[in-house]
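Undergrad: Pasting my_file21.cif below, which is mmCIF, C-alpha atoms.
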data_my_file
loop_
_atom_site.label_atom_id
_atom_site.label_comp_id
_atom_site.auth_asym_id
_atom_site.auth_seq_id
_atom_site.Cartn_x
_atom_site.Cartn_y
_atom_site.Cartn_z
CA MET A 297 -8.75 -17.02 8.99
CA TRP A 298 -10.36 -14.02 10.66
CA SER A 299 -13.59 -12.98 9.02
CA ILE A 300 -15.81 -9.97 9.18
CA ALA A 301 -19.38 -10.41 10.28
CA VAL A 302 -21.41 -9.01 7.42
CA PRO A 303 -25.10 -8.44 8.09
CA ALA A 304 -27.12 -11.00 6.18
CA SER A 305 -29.01 -8.33 4.28
CA ALA A 306 -25.88 -6.54 3.04
CA MET A 307 -23.68 -7.77 0.24
CA VAL A 308 -20.13 -6.86 -0.68
CA ARG A 309 -20.21 -5.66 -4.28
CA ARG A 310 -16.99 -5.05 -6.15
CA LEU A 311 -16.40 -3.63 -9.60
CA ALA A 312 -12.80 -3.85 -10.80
CA PHE A 313 -11.40 -2.38 -14.00
CA ARG A 314 -8.40 -0.54 -15.37
CA ALA A 315 -8.30 3.22 -15.80
CA MET A 316 -5.82 6.09 -15.44
CA GLY A 317 -2.98 3.64 -15.99
CA SER A 318 -3.89 1.76 -12.80
CA GLU A 319 -6.07 -0.98 -11.37
CA MET A 320 -9.31 0.43 -10.01
CA ALA A 321 -11.85 -1.13 -7.66
CA LEU A 322 -15.18 0.17 -6.46
CA ILE A 323 -16.49 -1.63 -3.38
CA THR A 324 -19.72 -1.14 -1.50
CA VAL A 325 -21.43 -3.09 1.25
CA THR A 326 -25.13 -2.49 0.93
CA ASP A 327 -28.50 -3.97 0.18
CA HIS A 328 -29.50 -0.83 -1.71
CA PRO A 329 -31.54 -1.88 -4.77
CA ASP A 330 -29.62 0.51 -7.03
CA ALA A 331 -26.17 -0.53 -5.84
CA ASP A 332 -25.10 -2.05 -9.15
CA VAL A 333 -26.44 0.91 -11.08
CA ARG A 334 -24.46 3.27 -8.87
CA LEU A 335 -21.32 1.19 -9.20
CA ASN A 336 -21.52 1.46 -12.96
CA ALA A 337 -22.29 5.16 -12.73
CA ALA A 338 -19.17 5.65 -10.59
CA ARG A 339 -17.11 3.79 -13.15
CA ALA A 340 -18.50 5.97 -15.93
CA MET A 341 -17.54 9.01 -13.86
CA ILE A 342 -13.95 7.77 -13.58
CA ASP A 343 -13.76 7.16 -17.32
CA ARG A 344 -15.07 10.65 -17.94
CA LEU A 345 -12.58 12.21 -15.53
CA GLU A 346 -9.73 10.31 -17.17
CA GLU A 347 -10.76 11.84 -20.47
CA ARG A 348 -10.47 15.23 -18.84
CA LEU A 349 -7.28 14.81 -16.79
CA SER A 350 -4.92 12.46 -18.65
CA ARG A 351 -1.75 14.02 -20.04
CA PHE A 352 -1.21 10.94 -22.21
CA ARG A 353 -4.44 11.34 -24.17
CA ALA A 354 -4.12 13.87 -26.94
CA SER A 355 -7.88 14.33 -26.85
CA SER A 356 -8.10 15.08 -23.12
CA GLU A 357 -9.11 18.48 -21.84
CA LEU A 358 -5.78 18.73 -20.01
CA SER A 359 -3.84 18.08 -23.24
CA THR A 360 -5.94 20.71 -24.99
CA LEU A 361 -5.11 23.19 -22.23
CA ASN A 362 -1.41 22.28 -22.32
CA ALA A 363 -1.36 22.89 -26.07
CA GLN A 364 -2.48 26.50 -25.69
CA PRO A 365 0.16 28.31 -23.63
CA GLY A 366 0.08 32.06 -23.33
CA ARG A 367 -3.66 32.51 -23.68
CA PRO A 368 -6.59 32.19 -21.29
CA VAL A 369 -8.54 28.96 -21.71
CA ARG A 370 -11.91 28.33 -20.11
CA VAL A 371 -11.96 24.90 -18.48
CA SER A 372 -14.62 22.51 -17.21
CA GLU A 373 -15.80 22.53 -13.64
CA GLU A 374 -13.96 19.24 -12.98
CA LEU A 375 -10.62 20.40 -14.35
CA TRP A 376 -10.97 23.68 -12.50
CA ASP A 377 -11.72 21.91 -9.24
CA VAL A 378 -8.73 19.58 -9.38
CA LEU A 379 -6.50 22.45 -10.48
CA ILE A 380 -7.58 24.64 -7.57
CA HIS A 381 -6.96 21.80 -5.15
CA ALA A 382 -3.57 21.12 -6.73
CA MET A 383 -2.53 24.77 -6.54
CA ASP A 384 -3.66 24.93 -2.93
CA GLY A 385 -1.55 21.83 -2.26
CA SER A 386 1.43 23.53 -3.86
CA ARG A 387 0.94 26.56 -1.66
CA ARG A 388 0.62 24.51 1.52
CA THR A 389 3.68 22.38 0.75
CA ASN A 390 5.67 25.46 -0.26
CA GLY A 391 5.99 24.11 -3.79
CA LEU A 392 7.23 20.60 -2.93
CA TYR A 393 4.19 19.40 -4.81
CA ASP A 394 4.07 21.20 -8.14
CA PRO A 395 1.81 20.24 -11.07
CA THR A 396 4.07 22.11 -13.53
CA ILE A 397 6.96 19.63 -13.42
CA VAL A 398 5.97 17.89 -16.64
CA GLY A 399 9.17 19.00 -18.41
CA ALA A 400 11.34 17.52 -15.65
CA LEU A 401 9.36 14.27 -15.74
CA GLU A 402 9.84 13.97 -19.48
CA ARG A 403 13.55 14.87 -19.24
CA ALA A 404 13.90 12.03 -16.72
CA GLY A 405 12.33 9.64 -19.25
CA TYR A 406 8.69 9.53 -18.14
CA ASP A 407 7.41 10.91 -21.43
CA ARG A 408 4.80 8.24 -22.19
CA PRO A 409 2.50 5.90 -20.22
CA PHE A 410 4.66 4.10 -17.70
CA GLU A 411 4.13 0.69 -19.33
CA ALA A 412 5.97 2.07 -22.37
CA VAL A 413 8.81 3.82 -20.51
CA ARG A 414 12.18 2.35 -21.47
CA GLY A 415 15.45 2.82 -19.63
CA GLY A 416 18.88 3.37 -21.14
CA GLY A 417 20.30 6.42 -22.85
CA ASP A 418 22.29 9.23 -21.33
CA ALA A 419 22.07 10.45 -17.78
CA VAL A 420 19.26 12.88 -17.00
CA PRO A 421 20.40 16.36 -18.08
CA PRO A 422 20.04 19.15 -15.52
CA GLY A 423 17.12 21.43 -16.10
CA GLY A 424 17.49 25.14 -16.69
CA PRO A 425 15.64 27.93 -14.94
CA ARG A 426 12.01 27.02 -14.80
CA VAL A 427 8.70 28.52 -13.94
CA SER A 428 6.50 27.02 -11.26
CA TRP A 429 2.93 26.72 -10.10
CA ARG A 430 3.09 30.37 -9.04
CA ASP A 431 3.29 31.42 -12.69
CA VAL A 432 -0.02 29.82 -13.70
CA GLY A 433 -2.69 32.46 -14.25
CA LEU A 434 -6.14 31.81 -12.81
CA ASP A 435 -9.25 33.81 -13.52
CA CYS A 436 -11.60 32.52 -10.85
CA GLY A 437 -14.66 34.44 -12.01
CA ALA A 438 -14.48 33.13 -15.57
CA ARG A 439 -12.85 29.75 -14.76
CA ARG A 440 -10.02 30.53 -17.17
CA VAL A 441 -6.47 29.25 -16.96
CA THR A 442 -3.43 30.85 -18.56
CA LEU A 443 -0.29 28.74 -18.77
CA PRO A 444 3.01 30.53 -19.37
CA VAL A 445 4.82 29.50 -22.54
CA GLY A 446 6.79 26.32 -21.89
CA VAL A 447 4.58 25.25 -18.97
CA ARG A 448 2.28 22.24 -18.98
CA LEU A 449 0.25 20.67 -16.20
CA ASP A 450 0.19 17.12 -14.92
CA PHE A 451 -1.69 16.31 -11.73
CA GLY A 452 -0.10 12.88 -11.35
CA GLY A 453 -1.26 10.91 -8.34
CA ILE A 454 -3.13 13.92 -6.99
CA GLY A 455 -5.52 13.73 -9.94
CA LYS A 456 -6.08 10.04 -9.38
CA ALA A 457 -6.69 10.50 -5.65
CA TRP A 458 -9.02 13.42 -6.35
CA THR A 459 -10.92 11.13 -8.72
CA ALA A 460 -11.17 8.47 -5.99
CA ASP A 461 -12.66 11.04 -3.62
CA ARG A 462 -15.19 12.15 -6.22
CA ALA A 463 -16.19 8.59 -7.08
CA ALA A 464 -16.55 7.68 -3.40
CA GLY A 465 -18.73 10.72 -2.84
CA ALA A 466 -21.05 9.60 -5.64
CA LEU A 467 -21.06 5.94 -4.66
CA SER A 468 -21.80 6.67 -1.00
CA ALA A 469 -25.42 7.39 -1.91
CA ALA A 470 -25.81 3.61 -2.18
CA GLY A 471 -24.17 2.87 1.16
CA PRO A 472 -20.75 2.61 2.78
CA CYS A 473 -18.09 2.40 0.10
CA LEU A 474 -14.41 2.22 -0.69
CA VAL A 475 -12.80 3.36 -3.92
CA ASP A 476 -9.34 2.04 -4.72
CA ALA A 477 -7.63 4.03 -7.46
CA GLY A 478 -4.40 2.16 -8.02
CA GLY A 479 -3.58 2.13 -4.32
CA ASP A 480 -4.98 5.55 -3.45
CA ILE A 481 -8.06 4.82 -1.40
CA ALA A 482 -11.12 6.89 -0.53
CA VAL A 483 -13.63 5.69 2.06
CA ARG A 484 -17.11 6.94 2.85
CA GLY A 485 -18.95 5.31 5.75
CA VAL A 486 -18.30 1.99 7.47
CA PRO A 487 -20.54 -1.07 7.07
CA ALA A 488 -22.62 -1.85 10.14
CA GLY A 489 -20.75 -4.07 12.55
CA TRP A 490 -17.35 -3.43 11.00
CA ARG A 491 -14.56 -1.82 12.93
CA GLY A 492 -13.43 -0.18 9.68
CA TRP A 493 -12.41 -1.12 6.18
CA PRO A 494 -9.42 -3.47 6.40
CA VAL A 495 -6.83 -1.89 4.12
CA GLY A 496 -3.46 -3.59 3.79
CA ILE A 497 -0.22 -1.71 3.24
CA THR A 498 1.86 -3.55 0.66
CA ASP A 499 5.46 -4.14 1.69
CA PRO A 500 7.45 -2.31 -1.01
CA ARG A 501 10.35 -4.73 -0.62
CA GLN A 502 8.14 -7.82 -0.91
CA PRO A 503 4.99 -6.84 -2.81
CA ALA A 504 3.28 -10.14 -2.00
CA GLU A 505 3.54 -9.33 1.71
CA THR A 506 1.47 -6.98 3.82
CA LEU A 507 3.26 -4.66 6.23
CA THR A 508 0.20 -4.12 8.34
CA VAL A 509 -3.56 -3.77 8.07
CA LEU A 510 -5.35 -0.51 8.78
CA ALA A 511 -8.89 -0.04 10.03
CA VAL A 512 -10.01 2.86 7.86
CA THR A 513 -13.18 4.53 9.08
CA GLY A 514 -13.28 7.46 6.67
CA GLY A 515 -11.24 9.87 4.61
CA GLY A 516 -8.42 8.47 2.54
CA VAL A 517 -5.20 6.53 2.43
CA ALA A 518 -2.48 6.94 -0.17
CA THR A 519 0.98 5.56 -0.78
CA SER A 520 3.73 7.16 -2.77
CA GLY A 521 6.91 5.32 -3.56
CA VAL A 522 9.82 4.70 -5.87
CA ASP A 523 9.55 0.92 -5.66
CA VAL A 524 7.59 0.44 -8.89
CA ARG A 525 7.70 3.39 -11.28
CA ARG A 526 11.42 3.56 -11.78
CA TRP A 527 13.91 2.98 -14.58
CA ARG A 528 17.60 3.50 -15.31
CA ARG A 529 19.19 6.23 -17.42
CA GLY A 530 22.92 6.60 -17.90
CA GLY A 531 23.56 4.11 -15.11
CA GLN A 532 21.45 6.20 -12.75
CA MET A 533 18.20 5.12 -11.11
CA CYS A 534 15.31 7.38 -12.06
CA HIS A 535 11.78 7.55 -10.75
CA HIS A 536 8.65 9.61 -11.16
CA ILE A 537 8.85 11.67 -7.97
CA ILE A 538 10.46 14.93 -9.05
CA ASP A 539 11.93 17.34 -6.53
CA PRO A 540 10.81 20.74 -7.83
CA ARG A 541 13.79 22.36 -6.08
CA THR A 542 16.22 20.54 -8.37
CA GLY A 543 14.05 19.46 -11.29
CA MET A 544 15.50 15.96 -10.88
CA PRO A 545 14.13 12.70 -9.45
CA ALA A 546 14.13 13.25 -5.69
CA ALA A 547 17.22 12.05 -3.85
CA THR A 548 15.40 10.38 -0.99
CA ASP A 549 16.22 7.75 1.62
CA LEU A 550 12.63 6.51 1.42
CA LEU A 551 11.21 3.63 -0.56
CA SER A 552 7.56 4.43 0.14
CA VAL A 553 5.31 6.47 2.38
CA THR A 554 1.72 5.68 3.33
CA VAL A 555 -0.41 8.51 4.67
CA VAL A 556 -3.82 8.36 6.34
CA GLY A 557 -5.66 11.66 5.90
CA PRO A 558 -8.99 13.43 5.69
CA ASP A 559 -9.34 12.37 2.05
CA ALA A 560 -7.35 10.52 -0.59
CA MET A 561 -6.06 13.69 -2.23
CA GLU A 562 -4.67 15.11 1.00
CA ALA A 563 -3.13 11.74 1.80
CA ASN A 564 -1.48 11.62 -1.64
CA LEU A 565 -0.26 15.22 -1.35
CA TYR A 566 1.50 14.55 1.94
CA ALA A 567 2.82 11.17 0.83
CA VAL A 568 4.57 12.78 -2.16
CA THR A 569 5.86 15.65 -0.03
CA THR A 570 7.29 13.27 2.56
CA MET A 571 8.94 11.18 -0.15
CA ILE A 572 10.75 14.30 -1.40
CA LEU A 573 11.80 15.46 2.06
CA GLY A 574 13.07 12.06 3.22
CA SER A 575 12.46 10.22 6.46
CA GLU A 576 13.79 12.65 9.06
CA GLU A 577 12.59 15.96 7.68
CA GLY A 578 9.48 14.44 6.13
CA LEU A 579 8.10 12.93 9.30
CA ARG A 580 8.97 16.09 11.22
CA TYR A 581 7.04 18.04 8.60
CA LEU A 582 4.03 15.72 8.90
CA ALA A 583 3.99 16.10 12.66
CA GLY A 584 3.13 19.75 12.11
CA GLN A 585 0.16 18.97 9.85
CA HIS A 586 -3.34 18.41 11.16
CA GLY A 587 -5.17 15.12 10.67
CA VAL A 588 -2.49 13.14 8.84
CA GLU A 589 -0.46 10.17 10.06
CA ALA A 590 2.13 8.21 8.14
CA LEU A 591 4.22 5.08 7.91
CA ALA A 592 7.46 5.35 5.96
CA VAL A 593 9.65 2.53 4.67
CA ARG A 594 13.28 3.52 4.21
CA GLN A 595 15.43 2.09 1.47
CA ASP A 596 17.48 0.33 4.14
CA GLY A 597 14.29 -1.42 5.30
CA GLY A 598 13.77 0.66 8.45
CA LEU A 599 10.21 1.56 9.36
CA ARG A 600 9.36 5.02 10.67
CA CYS A 601 5.96 6.39 11.61
CA THR A 602 4.28 9.38 13.15
CA PRO A 603 3.26 8.96 16.81
CA GLY A 604 -0.45 8.78 15.96
CA PHE A 605 -0.12 6.23 13.19
CA PRO A 606 -0.56 3.09 15.36
CA ALA A 607 -4.08 4.25 16.22
CA HIS A 608 -5.04 3.42 12.62
CA VAL A 609 -3.57 -0.09 12.73
CA TRP A 610 -6.24 -2.79 12.93
CA SER A 611 -4.73 -4.66 15.85
CA GLU A 612 -4.83 -2.97 19.17
CA PRO A 613 -1.48 -1.31 19.65
CA ARG A 614 0.46 -2.18 22.72
CA THR A 615 2.27 0.41 24.72
CA GLY A 616 5.53 1.10 23.01
CA GLY A 617 8.80 0.87 24.84
CA ARG A 618 11.15 3.81 24.76
CA ILE A 619 14.48 3.24 23.05
CA ASP A 620 17.63 5.22 22.80
CA ALA A 621 18.03 5.17 19.02
CA MET B 24 7.93 -89.22 10.67
CA ASN B 25 9.02 -91.41 13.56
CA ALA B 26 8.89 -90.62 17.28
CA ARG B 27 12.58 -89.62 17.46
CA THR B 28 12.22 -87.12 14.64
CA ARG B 29 9.10 -85.56 16.23
CA THR B 30 10.95 -85.18 19.55
CA ARG B 31 13.94 -83.51 17.79
CA ASN B 32 11.69 -81.05 15.88
CA ARG B 33 9.76 -80.17 19.03
CA GLY B 34 13.05 -79.44 20.80
CA LEU B 35 14.25 -77.28 17.95
CA LYS B 36 10.99 -75.29 17.98
CA TRP B 37 11.19 -74.65 21.73
CA GLY B 38 14.84 -73.70 21.38
CA LEU B 39 14.11 -71.15 18.69
CA THR B 40 11.22 -69.72 20.71
CA ALA B 41 13.39 -69.34 23.78
CA ALA B 42 16.17 -67.70 21.75
CA SER B 43 13.67 -65.28 20.22
CA LEU B 44 12.29 -64.37 23.62
CA LEU B 45 15.76 -63.81 25.00
CA THR B 46 16.73 -61.62 22.08
CA THR B 47 13.59 -59.54 22.48
CA LEU B 48 14.14 -59.11 26.20
CA LEU B 49 17.79 -58.16 25.77
CA GLY B 50 16.89 -55.72 23.05
CA TRP B 51 14.21 -54.07 25.17
CA LYS B 52 16.57 -53.81 28.10
CA SER B 53 19.22 -52.20 25.89
CA PHE B 54 16.70 -49.73 24.41
CA ALA B 55 15.24 -48.86 27.79
CA ALA B 56 18.67 -48.16 29.22
CA THR B 57 20.09 -45.98 26.51
CA GLY B 58 17.36 -45.26 23.97
CA PRO B 59 17.86 -45.69 20.25
CA GLN B 60 21.47 -45.25 19.26
CA THR B 61 20.97 -44.27 15.65
CA GLY B 62 18.37 -42.66 13.39
CA PRO B 63 16.35 -39.50 13.72
CA ALA B 64 14.92 -38.33 17.00
CA ALA B 65 11.46 -39.57 17.80
CA PRO B 66 8.74 -37.03 16.89
CA ALA B 67 7.35 -35.00 19.74
CA VAL B 68 3.96 -36.18 20.90
CA PRO B 69 1.59 -33.62 22.39
CA SER B 70 1.04 -34.34 26.04
CA ALA B 71 -2.39 -34.99 27.42
CA GLU B 72 -2.27 -31.69 29.23
CA SER B 73 -1.96 -29.71 26.01
CA PRO B 74 -4.30 -31.22 23.45
CA THR B 75 -4.03 -28.19 21.17
CA PRO B 76 -0.79 -27.38 19.35
CA ALA B 77 1.42 -25.08 21.36
CA PRO B 78 1.93 -21.63 19.81
CA SER B 79 5.13 -21.05 17.95
CA PRO B 80 7.72 -19.65 20.35
CA ILE B 81 8.72 -17.09 17.71
CA ARG B 82 6.05 -14.46 17.08
CA TYR B 83 7.26 -11.82 14.65
CA VAL B 84 5.69 -8.44 15.23
CA ARG B 85 6.75 -5.59 12.99
CA MET B 86 7.81 -2.51 14.89
CA ALA B 87 8.23 1.04 13.64
CA VAL B 88 10.22 3.87 15.14
CA ALA B 89 8.15 6.90 16.06
CA THR B 90 9.48 10.26 17.15
CA ALA B 91 7.29 12.22 19.55
CA PRO B 92 7.03 16.01 19.26
CA ASP B 93 9.36 16.34 22.24
CA GLY B 94 12.00 14.38 20.38
CA GLN B 95 11.62 11.15 22.34
CA VAL B 96 11.91 8.04 20.23
CA TYR B 97 9.56 5.10 20.66
CA LEU B 98 9.10 1.68 19.19
CA VAL B 99 5.49 1.04 18.26
CA PRO B 100 3.99 -2.21 16.97
CA LEU B 101 2.28 -2.36 13.60
CA ALA B 102 0.37 -5.48 14.64
CA THR B 103 -0.06 -7.66 17.67
CA ASP B 104 -0.53 -11.36 17.97
CA SER B 105 -3.45 -10.88 20.34
CA ALA B 106 -5.84 -9.43 17.79
CA PRO B 107 -5.04 -10.64 14.29
CA ALA B 108 -6.27 -8.47 11.48
CA PRO B 109 -8.63 -9.69 8.77
CA ALA B 110 -7.59 -10.20 5.19
CA PRO B 111 -7.43 -6.78 3.52
CA ILE B 112 -10.34 -5.83 1.32
CA ALA B 113 -8.06 -3.41 -0.53
CA ARG B 114 -4.37 -2.56 -0.54
CA THR B 115 -2.60 0.76 -0.61
CA GLN B 116 0.62 0.82 -2.57
CA SER B 117 2.56 3.03 -4.92
CA SER B 118 0.97 3.25 -8.36
CA ARG B 119 0.82 0.01 -10.34
#
Turn this file's structure into C-alpha cells for me.
TA:
Amino acid sequence: MWSIAVPASAMVRRLAFRAMGSEMALITVTDHPDADVRLNAARAMIDRLEERLSRFRASSELSTLNAQPGRPVRVSEELWDVLIHAMDGSRRTNGLYDPTIVGALERAGYDRPFEAVRGGGDAVPPGGPRVSWRDVGLDCGARRVTLPVGVRLDFGGIGKAWTADRAAGALSAAGPCLVDAGGDIAVRGVPAGWRGWPVGITDPRQPAETLTVLAVTGGGVATSGVDVRRWRRGGQMCHHIIDPRTGMPAATDLLSVTVVGPDAMEANLYAVTTMILGSEEGLRYLAGQHGVEALAVRQDGGLRCTPGFPAHVWSEPRTGGRIDA
Amino acid sequence: MNARTRTRNRGLKWGLTAASLLTTLLGWKSFAATGPQTGPAAPAVPSAESPTPAPSPIRYVRMAVATAPDGQVYLVPLATDSAPAPAPIARTQSSR
C-alpha cells in the first residue's frame, strides 16, 4: 500500500460527524497546539450555519424568511452572503442553477429530509408558470430580502459547499486542512511533503469502488449526481436535480459529474449545471469557464472529461492517443 | 526355520525388490516420455531468473474521452500503473 510521508511533528486530525443531512469530516495535518480547539470551533460553525440555512428546520433563519413572502426581511450576514453567491451563480449559469425551485422539488416528492422521502403515488404533475431567481428583491444597503408570494429559497448543495468553504477558511488558521461536507470538499493548504490531498472519486455505479484519485492542492471539489437521491413516482424515476427550464427532474444522460474548481461552491455550481445540460452540452459549456475541470459519468457507463482534468489526477497522466469516436 | 525355508524367503525378498525396481523404472520412463496423463496441470514454479512474481499481464487503466476546444477527441487515462495513487483521505460523491 502506498503511503504518504507525514512529517513526524505533524499529526492527521479528523473530526467526523453528521450535519446538513450528510456525513461531515474536518481534517487537518498540523502540530498546532490549538488544532483540536479549532476543529471543534469549525464544527460549531457548521452547526450554526445549518441552523441558518436548512429548509427542513422550521426554526431556521431560511424557514423564517420563506414564511414571510411579500415583505422585506433583514437577514444575517451569513444568509446574505450565501444568497448573494447563489444569485450570482444563477446569473452566471443563465438560471440553470436557481435557488427558487423549492416548489418543483416538493412537487417531485422531495418535500422532507431525503431519509424520509418515499416513492409511489402519481406521476409528477407539470408545474405552471413560475417566478425565478430574478424575481427575488434584494436591498443591498439594508441586507433585506423580499420574496415574491409563492416563492421560497433552498440553496441545496450550494449551501453545503459554501459551508465547507467557510469552515475550511476558519480551520486553515491551524494548518493545512480539508473539509468534506457530504462529498463536497474544500481544501486550504497542502501538508509539507505532500503532493496534494488524495481525494477519491466514488464510482456512482459501484459505490465501493474509486474511479480515480485526485491530488487536490487547493480550492474545492464537488460531485453532483442522480445515483443516490432518487425515488420513483408514477412509474417514473425522480431525482433532486431540477431543470428550472421545465420545473421537472432534469432529463439527463449523466449519472454524476465531479468538478474541480477554485472553491467548493463554484465546483458544486458547475457540477449541477453540467448535470442539467448533459454530457455533450455540459462539457462544452465547462470548456468555456475559467478554472474548472470535470469528469462526467454517463448513465451508459461512459466516462467523459474536460481536456485539463487529467492534470488533477494523482498518477502522472500519459499522453493520450487520438481516437475517431 | 530350516535352511530351505530361509533360502526360499531370501529369494522371495530379492524377487519382490527387483519387481519393485522394475516397476519404478518403467513408471519413470513412461512419465518422462509423455508426462502425467491425468489430473490437473502442475503449478507453475517461478524460475530462478524471476524471483519476484511477474506482474499480471492484464492491467486495467480507466480511460475517459476528452474533447479538445478544436473538436478533436482524445482518450486520456484516469490513472497509470506506473505511479499508483495513495488511499484517499476523503471521497467526493453525490450527497449521501
Undergrad: List the residues selected by the PyMOL selection byres ((chain B) within 9 of (chain A)) in the file shown, writing them as number ranges by chain.
TA: B: 85-92, 95-119
Undergrad: Apply the PyMOL selection byres ((chain A and resi 446) around 10) to the displayed file and report the matching residues as a list in words.
TA: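 Taken over the shown coordinates, the PyMOL selection byres ((chain A and resi 446) around 10) returns Asn362, Ala363, Pro365, Gly366, Thr396, Val398, Gly399, Arg426, Val427, Leu443, Pro444, Val445, Val447 and Arg448 of chain A.
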Undergrad: Evaluate the PyMOL selection byres ((chain A and resi 339) around 12) against this structure - the residues, as number ranges by chain, please.
TA: A: 310-316, 320-323, 332-338, 340-346, 459-460, 462-464, 466-467, 475-477
Undergrad: Could the residues in this selection be written to a file with C-alpha atoms, as a CSV table (one decimal), keeping the file's coordinate frame?
TA:
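The result, stored in result19.csv:
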chain,number,residue,atom,x,y,z
A,310,ARG,CA,-17.0,-5.0,-6.2
A,311,LEU,CA,-16.4,-3.6,-9.6
A,312,ALA,CA,-12.8,-3.8,-10.8
A,313,PHE,CA,-11.4,-2.4,-14.0
A,314,ARG,CA,-8.4,-0.5,-15.4
A,315,ALA,CA,-8.3,3.2,-15.8
A,316,MET,CA,-5.8,6.1,-15.4
A,320,MET,CA,-9.3,0.4,-10.0
A,321,ALA,CA,-11.8,-1.1,-7.7
A,322,LEU,CA,-15.2,0.2,-6.5
A,323,ILE,CA,-16.5,-1.6,-3.4
A,332,ASP,CA,-25.1,-2.0,-9.2
A,333,VAL,CA,-26.4,0.9,-11.1
A,334,ARG,CA,-24.5,3.3,-8.9
A,335,LEU,CA,-21.3,1.2,-9.2
A,336,ASN,CA,-21.5,1.5,-13.0
A,337,ALA,CA,-22.3,5.2,-12.7
A,338,ALA,CA,-19.2,5.6,-10.6
A,340,ALA,CA,-18.5,6.0,-15.9
A,341,MET,CA,-17.5,9.0,-13.9
A,342,ILE,CA,-14.0,7.8,-13.6
A,343,ASP,CA,-13.8,7.2,-17.3
A,344,ARG,CA,-15.1,10.6,-17.9
A,345,LEU,CA,-12.6,12.2,-15.5
A,346,GLU,CA,-9.7,10.3,-17.2
A,459,THR,CA,-10.9,11.1,-8.7
A,460,ALA,CA,-11.2,8.5,-6.0
A,462,ARG,CA,-15.2,12.2,-6.2
A,463,ALA,CA,-16.2,8.6,-7.1
A,464,ALA,CA,-16.6,7.7,-3.4
A,466,ALA,CA,-21.0,9.6,-5.6
A,467,LEU,CA,-21.1,5.9,-4.7
A,475,VAL,CA,-12.8,3.4,-3.9
A,476,ASP,CA,-9.3,2.0,-4.7
A,477,ALA,CA,-7.6,4.0,-7.5
Undergrad: Report, in Å to a single decimal, how far apart CA of Asp559 (chain A) and CA of Asp435 (chain A) are.
TA: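 Taking CA of Asp435 (chain A) as the start and CA of Asp559 (chain A) as the end point, the length is 26.5 Å.
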Undergrad: Quick one, how far is CA of Leu449 (chain A) from CA of Tyr566 (chain A)?
TA: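 Separation between CA of Leu449 (chain A) and CA of Tyr566 (chain A): 19.2 Å.
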Undergrad: State, in Å with one decimal place, the distance from CA of Thr513 (chain A) to CA of Val486 (chain A).
TA: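 CA of Val486 (chain A) lies at a distance of 5.9 Å from CA of Thr513 (chain A).
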